[in-house]
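Below is structure-v1.pdb, holding PDB, C-alpha atoms.
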ATOM      1  CA  MET A  89       0.000   0.000   0.000
ATOM      2  CA  GLY A  90       2.850   2.366   0.856
ATOM      3  CA  ALA A  91       4.641   1.771  -2.430
ATOM      4  CA  ALA A  92       1.494   2.566  -4.390
ATOM      5  CA  ALA A  93       0.765   5.667  -2.333
ATOM      6  CA  ASN A  94       4.305   6.873  -2.926
ATOM      7  CA  ARG A  95       4.224   5.864  -6.584
ATOM      8  CA  VAL A  96       7.203   3.555  -6.174
ATOM      9  CA  TRP A  97       7.210   1.019  -8.986
ATOM     10  CA  THR A  98      10.756  -0.259  -8.639
ATOM     11  CA  PRO A  99      10.438  -4.004  -9.322
ATOM     12  CA  ALA A 100      12.409  -5.152  -6.268
ATOM     13  CA  HIS A 101       9.702  -3.735  -4.007
ATOM     14  CA  LEU A 102       6.878  -5.440  -5.875
ATOM     15  CA  ASP A 103       8.175  -8.613  -7.460
ATOM     16  CA  ARG A 104       9.927 -11.400  -5.567
ATOM     17  CA  ASP A 105      12.121 -12.464  -8.464
ATOM     18  CA  ALA A 106      13.322  -8.901  -8.869
ATOM     19  CA  ALA A 107      14.073  -8.712  -5.156
ATOM     20  CA  VAL A 108      16.048 -11.964  -5.272
ATOM     21  CA  ALA A 109      18.007 -10.601  -8.206
ATOM     22  CA  VAL A 110      19.292  -7.763  -6.036
ATOM     23  CA  GLY A 111      20.186 -10.041  -3.163
ATOM     24  CA  VAL A 112      17.103  -9.970  -0.946
ATOM     25  CA  SER A 113      15.006 -13.044  -0.249
ATOM     26  CA  ASP A 114      11.667 -11.361  -0.912
ATOM     27  CA  VAL A 115      10.104  -8.016  -1.726
ATOM     28  CA  PHE A 116      10.993  -5.384   0.824
ATOM     29  CA  VAL A 117       9.576  -2.064   1.978
ATOM     30  CA  ASP A 118      10.781   0.904  -0.070
ATOM     31  CA  THR A 119      12.518   3.991   1.278
ATOM     32  CA  SER A 120       9.572   6.357   0.830
ATOM     33  CA  THR A 121       7.183   4.114   2.701
ATOM     34  CA  GLN A 122       9.623   3.687   5.558
ATOM     35  CA  LEU A 123      10.133   7.423   5.700
ATOM     36  CA  GLY A 124       6.392   8.010   5.769
ATOM     37  CA  LEU A 125       5.643   5.476   8.470
ATOM     38  CA  LEU A 126       8.437   6.599  10.763
ATOM     39  CA  ALA A 127       7.854  10.303  10.120
ATOM     40  CA  VAL A 128       4.201   9.986  11.090
ATOM     41  CA  VAL A 129       5.223   8.344  14.355
ATOM     42  CA  ALA A 130       7.824  11.068  14.938
ATOM     43  CA  ALA A 131       5.184  13.759  14.455
ATOM     44  CA  ARG A 132       2.842  12.088  16.935
ATOM     45  CA  ALA A 133       5.655  11.832  19.471
ATOM     46  CA  ALA A 134       6.683  15.458  19.007
ATOM     47  CA  GLY A 135       3.293  16.742  20.031
ATOM     48  CA  ALA A 136       0.009  17.953  18.686
ATOM     49  CA  ASP A 137       0.251  19.469  15.207
ATOM     50  CA  ALA A 138       4.004  19.085  14.861
ATOM     51  CA  ARG A 139       5.408  19.977  11.445
ATOM     52  CA  LEU A 140       8.237  17.912  10.017
ATOM     53  CA  GLY A 141      11.250  19.962   9.010
ATOM     54  CA  ARG A 142      14.031  17.470   8.503
ATOM     55  CA  ALA A 143      14.442  13.719   8.576
ATOM     56  CA  GLU A 144      17.332  11.309   8.275
ATOM     57  CA  LEU A 145      16.459   7.690   7.642
ATOM     58  CA  ARG A 146      18.850   4.795   8.122
ATOM     59  CA  MET A 147      17.812   1.408   6.781
ATOM     60  CA  ARG A 148      19.787  -1.305   8.486
ATOM     61  CA  ARG A 149      17.943  -4.425   7.432
ATOM     62  CA  PRO A 150      15.256  -5.016   4.823
ATOM     63  CA  ILE A 151      11.681  -5.189   6.001
ATOM     64  CA  LEU A 152      10.174  -8.278   4.436
ATOM     65  CA  PRO A 153       6.598  -9.589   4.267
ATOM     66  CA  GLY A 154       5.528 -10.974   7.633
ATOM     67  CA  THR A 155       7.829  -8.733   9.644
ATOM     68  CA  ARG A 156       5.921  -7.373  12.615
ATOM     69  CA  LEU A 157       7.426  -4.012  13.365
ATOM     70  CA  HIS A 158       7.293  -2.166  16.637
ATOM     71  CA  LEU A 159       7.829   1.562  16.199
ATOM     72  CA  GLU A 160       9.201   3.410  19.185
ATOM     73  CA  ALA A 161       9.836   7.145  19.382
ATOM     74  CA  ARG A 162      11.516   9.312  21.966
ATOM     75  CA  THR A 163      12.160  13.031  22.046
ATOM     76  CA  THR A 164      15.835  13.821  22.386
ATOM     77  CA  ALA A 165      16.124  17.606  22.391
ATOM     78  CA  ASP A 166      14.118  20.795  22.386
ATOM     79  CA  HIS A 167      15.137  24.333  21.580
ATOM     80  CA  VAL A 168      13.787  27.644  20.340
ATOM     81  CA  ASP A 169      15.564  29.229  17.382
ATOM     82  CA  ALA A 170      16.270  32.896  16.756
ATOM     83  CA  ALA A 171      12.980  33.279  14.881
ATOM     84  CA  GLY A 172      11.040  32.028  17.891
ATOM     85  CA  VAL A 173      10.269  28.611  16.452
ATOM     86  CA  ARG A 174      10.378  25.701  18.861
ATOM     87  CA  TRP A 175      12.134  22.669  17.392
ATOM     88  CA  ARG A 176      11.869  19.202  18.799
ATOM     89  CA  SER A 177      14.199  16.335  17.904
ATOM     90  CA  VAL A 178      12.722  12.857  17.836
ATOM     91  CA  ALA A 179      14.427   9.508  17.341
ATOM     92  CA  VAL A 180      12.318   6.661  15.985
ATOM     93  CA  ALA A 181      13.345   3.016  15.797
ATOM     94  CA  ALA A 182      11.538   0.311  13.839
ATOM     95  CA  ARG A 183      12.224  -3.012  15.508
ATOM     96  CA  ALA A 184      11.112  -6.590  15.165
ATOM     97  CA  GLY A 185      11.944  -8.258  18.447
ATOM     98  CA  GLU A 186      15.527  -7.333  19.267
ATOM     99  CA  VAL A 187      16.357  -6.528  15.663
ATOM    100  CA  THR A 188      16.447  -2.892  14.590
ATOM    101  CA  HIS A 189      15.465  -2.590  10.943
ATOM    102  CA  SER A 190      15.421   1.169  10.507
ATOM    103  CA  THR A 191      15.880   4.365  12.437
ATOM    104  CA  LEU A 192      14.787   7.917  11.814
ATOM    105  CA  ALA A 193      16.177  11.115  13.293
ATOM    106  CA  ALA A 194      13.619  13.864  12.806
ATOM    107  CA  ARG A 195      13.452  17.556  13.577
ATOM    108  CA  LEU A 196       9.971  18.962  13.927
ATOM    109  CA  ALA A 197       8.542  22.363  14.682
ATOM    110  CA  VAL A 198       5.912  22.507  17.401
ATOM    111  CA  GLU A 199       3.864  25.303  18.825
ATOM    112  CA  GLY A 200       6.329  27.755  20.273
ATOM    113  CA  PRO A 201       6.466  30.540  22.810
ATOM    114  CA  GLY A 202       3.677  33.005  22.324
ATOM    115  CA  GLY A 203       1.616  30.488  20.387
ATOM    116  CA  VAL A 204       3.748  30.448  17.230
ATOM    117  CA  ASP A 205       1.978  28.112  14.801
ATOM    118  CA  PRO A 206       4.565  26.103  12.863
ATOM    119  CA  TRP A 207       2.145  25.615   9.967
ATOM    120  CA  GLY A 208       1.749  29.345   9.512
ATOM    121  CA  LEU A 209       5.442  30.119   9.151
ATOM    122  CA  GLY A 210       6.687  31.617   5.899
ATOM    123  CA  PRO A 211      10.129  30.966   4.412
ATOM    124  CA  GLU A 212      11.625  33.910   6.283
ATOM    125  CA  ARG A 213      11.084  32.133   9.602
ATOM    126  CA  TRP A 214      11.243  28.520   8.529
ATOM    127  CA  ALA A 215      14.772  27.157   8.908
ATOM    128  CA  PRO A 216      14.699  23.387   9.277
TER     129      PRO A 216
ATOM    130  CA  MET B   6      28.497   8.889 -26.708
ATOM    131  CA  GLY B   7      30.534   7.910 -23.669
ATOM    132  CA  THR B   8      30.487   9.547 -20.306
ATOM    133  CA  SER B   9      33.063  10.363 -17.720
ATOM    134  CA  LEU B  10      32.863  11.011 -14.033
ATOM    135  CA  ASP B  11      33.539  14.701 -14.579
ATOM    136  CA  ASP B  12      30.743  14.811 -17.108
ATOM    137  CA  LEU B  13      28.312  13.101 -14.759
ATOM    138  CA  LEU B  14      29.162  15.468 -11.930
ATOM    139  CA  THR B  15      28.157  18.460 -14.042
ATOM    140  CA  ARG B  16      24.895  16.986 -15.284
ATOM    141  CA  ARG B  17      21.537  18.202 -14.074
ATOM    142  CA  VAL B  18      18.417  16.157 -14.776
ATOM    143  CA  VAL B  19      15.117  17.987 -14.696
ATOM    144  CA  LYS B  20      12.076  15.987 -13.640
ATOM    145  CA  GLN B  21       8.607  17.385 -14.135
ATOM    146  CA  GLY B  22       5.941  15.953 -11.899
ATOM    147  CA  GLU B  23       2.910  14.809 -13.871
ATOM    148  CA  VAL B  24       0.379  14.648 -11.052
ATOM    149  CA  PRO B  25      -0.418  17.817  -9.108
ATOM    150  CA  VAL B  26      -1.046  17.718  -5.393
ATOM    151  CA  ASN B  27      -4.621  16.550  -5.027
ATOM    152  CA  ALA B  28      -7.061  15.435  -2.375
ATOM    153  CA  GLY B  29      -7.351  11.848  -3.600
ATOM    154  CA  ASP B  30      -3.645  11.122  -3.464
ATOM    155  CA  VAL B  31      -3.360  12.819  -0.070
ATOM    156  CA  LEU B  32      -6.127  10.625   1.310
ATOM    157  CA  ARG B  33      -4.454   7.495   0.020
ATOM    158  CA  TRP B  34      -1.053   8.525   1.354
ATOM    159  CA  SER B  35      -2.533   9.265   4.781
ATOM    160  CA  GLU B  36      -4.337   5.936   4.710
ATOM    161  CA  ALA B  37      -1.194   3.986   3.803
ATOM    162  CA  HIS B  38       0.961   5.618   6.482
ATOM    163  CA  ARG B  39      -1.603   5.778   9.258
ATOM    164  CA  GLU B  40      -1.480   9.551   9.291
ATOM    165  CA  ARG B  41      -3.824  10.853  11.987
ATOM    166  CA  ALA B  42      -3.404  14.615  11.741
ATOM    167  CA  ALA B  43      -6.660  16.145  10.520
ATOM    168  CA  ARG B  44      -4.872  18.666   8.298
ATOM    169  CA  HIS B  45      -3.749  15.761   6.098
ATOM    170  CA  TRP B  46      -7.275  14.446   5.567
ATOM    171  CA  PRO B  47      -8.942  16.583   2.877
ATOM    172  CA  ASP B  48     -12.362  15.157   3.673
ATOM    173  CA  ARG B  49     -12.013  16.383   7.262
ATOM    174  CA  THR B  50     -10.261  19.716   6.829
ATOM    175  CA  ALA B  51     -10.956  22.298   4.134
ATOM    176  CA  ASP B  52      -7.566  23.944   4.636
ATOM    177  CA  TRP B  53      -5.620  20.714   4.150
ATOM    178  CA  VAL B  54      -2.016  20.369   3.057
ATOM    179  CA  ALA B  55      -0.197  17.312   1.766
ATOM    180  CA  PRO B  56       1.816  15.390   4.377
ATOM    181  CA  PRO B  57       5.340  16.803   4.096
ATOM    182  CA  ALA B  58       6.916  13.366   3.746
ATOM    183  CA  SER B  59       4.804  12.692   0.649
ATOM    184  CA  VAL B  60       6.600  15.323  -1.425
ATOM    185  CA  THR B  61       8.572  12.889  -3.577
ATOM    186  CA  SER B  62       5.446  11.114  -4.769
ATOM    187  CA  TYR B  63       4.425  14.213  -6.751
ATOM    188  CA  VAL B  64       7.653  14.182  -8.718
ATOM    189  CA  ARG B  65       7.498  10.562  -9.745
ATOM    190  CA  PRO B  66       6.142  10.077 -13.274
ATOM    191  CA  LEU B  67       3.069   8.218 -14.389
ATOM    192  CA  GLU B  68       3.824   4.653 -15.377
ATOM    193  CA  TRP B  69       1.826   4.910 -18.562
ATOM    194  CA  ARG B  70       0.142   7.549 -20.605
ATOM    195  CA  PRO B  71      -1.231   7.500 -24.146
ATOM    196  CA  ASP B  72       1.135  10.132 -25.492
ATOM    197  CA  ARG B  73       4.310   8.346 -24.413
ATOM    198  CA  GLU B  74       5.900   5.214 -25.804
ATOM    199  CA  GLY B  75       7.005   2.751 -23.155
ATOM    200  CA  PRO B  76       7.708   3.349 -19.500
ATOM    201  CA  PRO B  77       8.882   6.707 -18.213
ATOM    202  CA  GLY B  78      12.554   7.341 -18.615
ATOM    203  CA  ASP B  79      13.004   8.966 -15.250
ATOM    204  CA  ARG B  80      11.270   6.497 -12.949
ATOM    205  CA  GLY B  81      14.286   6.264 -10.672
ATOM    206  CA  SER B  82      17.601   8.017 -10.601
ATOM    207  CA  GLY B  83      19.189   7.985 -14.027
ATOM    208  CA  LEU B  84      22.362   9.546 -12.669
ATOM    209  CA  HIS B  85      22.692   6.787 -10.095
ATOM    210  CA  GLU B  86      22.518   4.151 -12.807
ATOM    211  CA  LEU B  87      24.990   6.014 -15.015
ATOM    212  CA  LEU B  88      27.375   6.412 -12.107
ATOM    213  CA  LYS B  89      27.233   2.698 -11.294
ATOM    214  CA  THR B  90      28.133   1.937 -14.894
ATOM    215  CA  GLU B  91      30.860   4.551 -15.085
ATOM    216  CA  LEU B  92      32.513   3.357 -11.883
ATOM    217  CA  GLY B  93      32.059  -0.340 -12.651
ATOM    218  CA  TYR B  94      29.818  -1.322  -9.774
ATOM    219  CA  PRO B  95      26.990  -3.679 -10.719
ATOM    220  CA  LEU B  96      25.062  -3.146  -7.492
ATOM    221  CA  GLY B  97      23.996  -0.034  -5.669
ATOM    222  CA  ILE B  98      22.150   0.185  -2.393
ATOM    223  CA  ALA B  99      20.631   3.048  -0.449
ATOM    224  CA  ALA B 100      22.687   3.557   2.685
ATOM    225  CA  GLY B 101      20.553   6.403   3.934
ATOM    226  CA  TYR B 102      18.104   9.108   3.011
ATOM    227  CA  GLU B 103      17.739  12.709   4.095
ATOM    228  CA  LEU B 104      14.809  15.014   3.555
ATOM    229  CA  GLU B 105      14.737  18.726   4.241
ATOM    230  CA  LEU B 106      11.312  20.290   3.934
ATOM    231  CA  HIS B 107      10.326  23.840   3.052
ATOM    232  CA  ALA B 108       7.119  25.116   1.437
ATOM    233  CA  LEU B 109       3.835  23.438   2.282
ATOM    234  CA  LEU B 110       2.161  21.563  -0.554
ATOM    235  CA  ARG B 111      -1.359  22.634  -1.357
ATOM    236  CA  ASP B 112      -4.112  21.526  -3.685
ATOM    237  CA  GLY B 113      -3.084  21.985  -7.316
ATOM    238  CA  ASP B 114       0.623  22.565  -6.728
ATOM    239  CA  ARG B 115       2.801  21.052  -9.435
ATOM    240  CA  LEU B 116       6.299  20.007  -8.540
ATOM    241  CA  ALA B 117       9.508  19.728 -10.480
ATOM    242  CA  ALA B 118      12.932  18.539  -9.401
ATOM    243  CA  VAL B 119      16.499  18.911 -10.499
ATOM    244  CA  GLU B 120      18.667  15.903  -9.823
ATOM    245  CA  ARG B 121      22.437  15.981  -9.498
ATOM    246  CA  ILE B 122      25.270  13.972  -8.064
ATOM    247  CA  ALA B 123      26.178  15.894  -4.944
ATOM    248  CA  SER B 124      29.313  13.973  -4.050
ATOM    249  CA  VAL B 125      31.333  10.860  -4.829
ATOM    250  CA  GLY B 126      33.655   9.312  -2.272
ATOM    251  CA  GLU B 127      36.884   7.428  -2.680
ATOM    252  CA  GLU B 128      36.931   3.677  -3.111
ATOM    253  CA  GLU B 129      36.614   1.753   0.111
ATOM    254  CA  HIS B 130      36.635  -1.906   1.001
ATOM    255  CA  GLY B 131      33.701  -2.794   3.186
ATOM    256  CA  ARG B 132      31.963  -6.029   3.999
ATOM    257  CA  LEU B 133      30.097  -5.965   0.720
ATOM    258  CA  GLY B 134      33.277  -5.708  -1.307
ATOM    259  CA  PRO B 135      35.079  -2.841  -2.985
ATOM    260  CA  GLY B 136      32.814   0.106  -3.528
ATOM    261  CA  ARG B 137      32.278   3.835  -3.408
ATOM    262  CA  ARG B 138      29.692   5.998  -1.763
ATOM    263  CA  TRP B 139      27.869   8.806  -3.485
ATOM    264  CA  VAL B 140      24.992  11.143  -2.842
ATOM    265  CA  ILE B 141      22.171  11.815  -5.303
ATOM    266  CA  GLU B 142      20.390  15.057  -4.545
ATOM    267  CA  ASN B 143      16.979  16.164  -5.748
ATOM    268  CA  ARG B 144      16.015  19.778  -5.314
ATOM    269  CA  VAL B 145      12.229  19.935  -5.497
ATOM    270  CA  GLU B 146      10.352  23.151  -6.219
ATOM    271  CA  VAL B 147       6.753  24.135  -6.670
ATOM    272  CA  VAL B 148       6.535  25.050 -10.351
ATOM    273  CA  GLY B 149       6.632  28.828 -10.512
ATOM    274  CA  GLY B 150       6.941  28.936  -6.755
ATOM    275  CA  PRO B 151       9.208  28.311  -3.808
ATOM    276  CA  LEU B 152      11.549  25.526  -2.822
ATOM    277  CA  ALA B 153       9.574  22.568  -1.505
ATOM    278  CA  ALA B 154      12.243  20.115  -0.410
ATOM    279  CA  VAL B 155      15.746  18.844  -0.822
ATOM    280  CA  GLU B 156      16.239  15.100  -0.662
ATOM    281  CA  ARG B 157      19.510  13.231  -0.631
ATOM    282  CA  PHE B 158      19.937   9.542  -1.279
ATOM    283  CA  HIS B 159      23.152   8.206   0.227
ATOM    284  CA  MET B 160      24.119   5.344  -2.016
ATOM    285  CA  LEU B 161      26.793   2.684  -1.935
ATOM    286  CA  GLY B 162      27.870   1.118  -5.200
ATOM    287  CA  TYR B 163      29.884  -2.066  -4.932
ATOM    288  CA  ASN B 164      31.154  -5.049  -6.818
ATOM    289  CA  PRO B 165      30.190  -8.317  -5.144
ATOM    290  CA  VAL B 166      32.286 -10.404  -7.546
ATOM    291  CA  HIS B 167      35.414  -9.360  -5.666
ATOM    292  CA  ARG B 168      33.874  -9.843  -2.292
ATOM    293  CA  ALA B 169      34.148 -13.494  -1.477
ATOM    294  CA  GLY B 170      37.301 -14.508  -3.216
ATOM    295  CA  ARG B 171      37.598 -17.516  -5.424
ATOM    296  CA  ALA B 172      34.244 -19.099  -4.722
ATOM    297  CA  CYS B 173      32.360 -16.059  -5.796
ATOM    298  CA  ARG B 174      34.635 -15.417  -8.747
ATOM    299  CA  ALA B 175      34.143 -19.003  -9.853
ATOM    300  CA  ARG B 176      30.410 -18.478  -9.875
ATOM    301  CA  ALA B 177      30.878 -15.312 -11.861
ATOM    302  CA  THR B 178      32.960 -17.099 -14.482
ATOM    303  CA  ARG B 179      30.085 -19.516 -14.959
ATOM    304  CA  ARG B 180      28.366 -16.461 -16.432
ATOM    305  CA  ARG B 181      25.862 -16.025 -13.687
ATOM    306  CA  PRO B 182      24.797 -12.414 -13.416
ATOM    307  CA  PRO B 183      26.635 -10.689 -10.561
ATOM    308  CA  ARG B 184      23.394 -10.076  -8.726
ATOM    309  CA  ARG B 185      22.719 -13.800  -8.642
ATOM    310  CA  ALA B 186      26.074 -14.297  -7.017
ATOM    311  CA  VAL B 187      24.930 -12.096  -4.174
ATOM    312  CA  ALA B 188      21.487 -13.640  -4.036
ATOM    313  CA  ARG B 189      22.964 -17.067  -3.442
ATOM    314  CA  ARG B 190      24.763 -16.009  -0.324
ATOM    315  CA  PRO B 191      22.734 -17.293   2.617
ATOM    316  CA  VAL B 192      22.546 -14.028   4.503
ATOM    317  CA  PRO B 193      23.335 -10.607   3.055
ATOM    318  CA  THR B 194      26.361  -9.171   4.807
ATOM    319  CA  TRP B 195      24.541  -5.989   5.711
ATOM    320  CA  SER B 196      22.150  -7.977   7.857
ATOM    321  CA  ARG B 197      24.968  -8.526  10.290
ATOM    322  CA  SER B 198      26.272  -5.003  10.281
ATOM    323  CA  SER B 199      25.082  -1.470  10.616
ATOM    324  CA  ARG B 200      25.103  -1.080   6.836
ATOM    325  CA  SER B 201      21.822  -0.381   5.157
ATOM    326  CA  PRO B 202      19.993  -2.893   2.996
ATOM    327  CA  PRO B 203      19.286  -2.534  -0.681
ATOM    328  CA  SER B 204      16.492  -0.072  -0.823
ATOM    329  CA  PRO B 205      16.946   1.930  -3.970
ATOM    330  CA  SER B 206      13.673   3.772  -3.971
TER     331      SER B 206
END
Structure rendered as structure tokens:
Amino acid sequence: MGAAANRVWTPAHLDRDAAVAVGVSDVFVDTSTQLGLLAVVAARAAGADARLGRAELRMRRPILPGTRLHLEARTTADHVDAAGVRWRSVAVAARAGEVTHSTLAARLAVEGPGGVDPWGLGPERWAP
Amino acid sequence: MGTSLDDLLTRRVVKQGEVPVNAGDVLRWSEAHRERAARHWPDRTADWVAPPASVTSYVRPLEWRPDREGPPGDRGSGLHELLKTELGYPLGIAAGYELELHALLRDGDRLAAVERIASVGEEEHGRLGPGRRWVIENRVEVVGGPLAAVERFHMLGYNPVHRAGRACRARATRRRPPRRAVARRPVPTWSRSSRSPPSPS
């Protein structure tokens, strides 16, 4: 579903033979879908109405059919920039049992001092 | 016409998105990723915006259209494929991905991107075999408007034929495609390390 929503038609994500040809035992979740899933969790962890500014995804092991992922997020830092925007750092890990498949380090803007709405910021104040 | 590394480093590939930001695709993206924020559900919020992480989907081309012969030429990263060929690495994997977000995406916005090779590292010898790392960057803009995002794919190109010594080379000389040589290994090396798996898109 994620691949279709992201318009990813790379064969290795959709066809087992194509996946085997690139060294993976079955189709595996594409980068965009992983980013989306983990970024949504990061936004929920950051707080109500958080706006994603930056994300760094690391894919350590392929996510294959049948993998039951547990997504865990924790906030790691919080600061207010010179423009008055409050930024929250969130680390997300996608695990299956003890195995970490992917991690995401995200930086999100949340409501700041004085009620600054991150979704109403123009480019002059938006510095992710 | 041949290419060279210097030539590839100066190339810029323009990609025009064919599907504007629209409510239907936003709904389906939010459905697929379990997005709960009301502002990303156009049937719940009149002043909706596309989920920021969905930006790349509006640059990817349609798979088929009546005025084009065959599949789109820019489905993935053409520069990545050219670089693999130029450097002699049959396999390339995504070692990481960065996304920097700027303008919000609203109903009707059309996106375009310019792709370039941002950097190419020196040859290294990792667990996968001899290879080089490079970064493919896409600068995405709203057509006629502001910067929307910058995305960077951190890739590793490598040659698995040299990885496992004689056994692997022997398989290669039996004219098996290099990728098969990797596929026959019981467990990909990156599954035992902090390296990233093949995830090219």
I would like the residues chosen by the PyMOL selection byres ((chain A) within 6 of (chain B)) on the shown file; could you give them as an mmCIF file with C-alpha atoms, keeping the file's coordinate frame?
data_model
loop_
_atom_site.group_PDB
_atom_site.id
_atom_site.type_symbol
_atom_site.label_atom_id
_atom_site.label_comp_id
_atom_site.auth_asym_id
_atom_site.auth_seq_id
_atom_site.Cartn_x
_atom_site.Cartn_y
_atom_site.Cartn_z
ATOM 1 C CA MET A 89 0.000 0.000 0.000
ATOM 2 C CA GLY A 90 2.850 2.366 0.856
ATOM 3 C CA ALA A 93 0.765 5.667 -2.333
ATOM 4 C CA ASN A 94 4.305 6.873 -2.926
ATOM 5 C CA ARG A 95 4.224 5.864 -6.584
ATOM 6 C CA VAL A 108 16.048 -11.964 -5.272
ATOM 7 C CA ALA A 109 18.007 -10.601 -8.206
ATOM 8 C CA VAL A 110 19.292 -7.763 -6.036
ATOM 9 C CA GLY A 111 20.186 -10.041 -3.163
ATOM 10 C CA ASP A 118 10.781 0.904 -0.070
ATOM 11 C CA THR A 119 12.518 3.991 1.278
ATOM 12 C CA GLY A 124 6.392 8.010 5.769
ATOM 13 C CA LEU A 125 5.643 5.476 8.470
ATOM 14 C CA VAL A 128 4.201 9.986 11.090
ATOM 15 C CA GLY A 141 11.250 19.962 9.010
ATOM 16 C CA ARG A 142 14.031 17.470 8.503
ATOM 17 C CA ALA A 143 14.442 13.719 8.576
ATOM 18 C CA GLU A 144 17.332 11.309 8.275
ATOM 19 C CA LEU A 145 16.459 7.690 7.642
ATOM 20 C CA ARG A 146 18.850 4.795 8.122
ATOM 21 C CA MET A 147 17.812 1.408 6.781
ATOM 22 C CA ARG A 148 19.787 -1.305 8.486
ATOM 23 C CA ARG A 149 17.943 -4.425 7.432
ATOM 24 C CA PRO A 150 15.256 -5.016 4.823
#
Please report, as a Markdown table, each residue of region 177-199 of chain A lying at most 8 Å from region 131-134 of chain A, together with the nearest pair of atoms and the separation in Å rounded to one decimal; use only C-alpha atoms, and order rows by chain and ascending residue number.
| residue | atom | partner | partner_atom | distance |
| --- | --- | --- | --- | --- |
| A:Ser177 | CA | A:Ala134 | CA | 7.6 |
| A:Val178 | CA | A:Ala134 | CA | 6.7 |
| A:Leu196 | CA | A:Ala134 | CA | 7.0 |
| A:Val198 | CA | A:Ala134 | CA | 7.3 |
Answer key for the PyMOL selection byres ((chain A and resi 204) around 12), residues as a PDB file with C-alpha atoms, in the coordinates of the input:
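As a result, result_4.pdb now contains:
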ATOM      1  CA  ASP A 137       0.251  19.469  15.207  1.00  0.00           C
ATOM      2  CA  ALA A 138       4.004  19.085  14.861  1.00  0.00           C
ATOM      3  CA  VAL A 168      13.787  27.644  20.340  1.00  0.00           C
ATOM      4  CA  ASP A 169      15.564  29.229  17.382  1.00  0.00           C
ATOM      5  CA  ALA A 171      12.980  33.279  14.881  1.00  0.00           C
ATOM      6  CA  GLY A 172      11.040  32.028  17.891  1.00  0.00           C
ATOM      7  CA  VAL A 173      10.269  28.611  16.452  1.00  0.00           C
ATOM      8  CA  ARG A 174      10.378  25.701  18.861  1.00  0.00           C
ATOM      9  CA  TRP A 175      12.134  22.669  17.392  1.00  0.00           C
ATOM     10  CA  ALA A 197       8.542  22.363  14.682  1.00  0.00           C
ATOM     11  CA  VAL A 198       5.912  22.507  17.401  1.00  0.00           C
ATOM     12  CA  GLU A 199       3.864  25.303  18.825  1.00  0.00           C
ATOM     13  CA  GLY A 200       6.329  27.755  20.273  1.00  0.00           C
ATOM     14  CA  PRO A 201       6.466  30.540  22.810  1.00  0.00           C
ATOM     15  CA  GLY A 202       3.677  33.005  22.324  1.00  0.00           C
ATOM     16  CA  GLY A 203       1.616  30.488  20.387  1.00  0.00           C
ATOM     17  CA  ASP A 205       1.978  28.112  14.801  1.00  0.00           C
ATOM     18  CA  PRO A 206       4.565  26.103  12.863  1.00  0.00           C
ATOM     19  CA  TRP A 207       2.145  25.615   9.967  1.00  0.00           C
ATOM     20  CA  GLY A 208       1.749  29.345   9.512  1.00  0.00           C
ATOM     21  CA  LEU A 209       5.442  30.119   9.151  1.00  0.00           C
ATOM     22  CA  GLY A 210       6.687  31.617   5.899  1.00  0.00           C
ATOM     23  CA  ARG A 213      11.084  32.133   9.602  1.00  0.00           C
ATOM     24  CA  TRP A 214      11.243  28.520   8.529  1.00  0.00           C
TER      25      TRP A 214
END
*Just say which residues the PyMOL selection byres ((chain A and resi 181-188) around 8) picks in this file, as a VMD selection string.*
chain A and resid 126 148 to 149 155 to 161 179 to 180 189 to 192
Go ahead and write the selection's residues with C-alpha atoms as a PDB file, keeping the file's coordinate frame.
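Output below, filename selection24.pdb:
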ATOM      1  CA  LEU A 126       8.437   6.599  10.763  1.00  0.00           C
ATOM      2  CA  ARG A 148      19.787  -1.305   8.486  1.00  0.00           C
ATOM      3  CA  ARG A 149      17.943  -4.425   7.432  1.00  0.00           C
ATOM      4  CA  THR A 155       7.829  -8.733   9.644  1.00  0.00           C
ATOM      5  CA  ARG A 156       5.921  -7.373  12.615  1.00  0.00           C
ATOM      6  CA  LEU A 157       7.426  -4.012  13.365  1.00  0.00           C
ATOM      7  CA  HIS A 158       7.293  -2.166  16.637  1.00  0.00           C
ATOM      8  CA  LEU A 159       7.829   1.562  16.199  1.00  0.00           C
ATOM      9  CA  GLU A 160       9.201   3.410  19.185  1.00  0.00           C
ATOM     10  CA  ALA A 161       9.836   7.145  19.382  1.00  0.00           C
ATOM     11  CA  ALA A 179      14.427   9.508  17.341  1.00  0.00           C
ATOM     12  CA  VAL A 180      12.318   6.661  15.985  1.00  0.00           C
ATOM     13  CA  HIS A 189      15.465  -2.590  10.943  1.00  0.00           C
ATOM     14  CA  SER A 190      15.421   1.169  10.507  1.00  0.00           C
ATOM     15  CA  THR A 191      15.880   4.365  12.437  1.00  0.00           C
ATOM     16  CA  LEU A 192      14.787   7.917  11.814  1.00  0.00           C
TER      17      LEU A 192
END
*Between CA of Arg139 (chain A) and CA of Val19 (chain B) - distance in Å to one decimal*: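 Result for CA of Val19 (chain B) versus CA of Arg139 (chain A): 28.0 Å, one decimal.
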When you look at Phe116 (chain A) with a cut-off of 6 Å (counting all atoms listed in the file), what residues show up, excluding the ones that are within fewer than 3 positions of it in the same chain? I need them as a short mmCIF file (atom, residue, chain, number, x, y, z; two decimals) with C-alpha atoms, in the frame of the given file.
data_model
loop_
_atom_site.label_atom_id
_atom_site.label_comp_id
_atom_site.auth_asym_id
_atom_site.auth_seq_id
_atom_site.Cartn_x
_atom_site.Cartn_y
_atom_site.Cartn_z
CA HIS A 101 9.70 -3.74 -4.01
CA PRO A 150 15.26 -5.02 4.82
CA ILE A 151 11.68 -5.19 6.00
CA LEU A 152 10.17 -8.28 4.44
#
_Two-atom distance - CA of Gly78 (chain B), CA of Lys20 (chain B) (Å)_ =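 Interatomic distance, CA of Gly78 (chain B) to CA of Lys20 (chain B): 10.0 Å.
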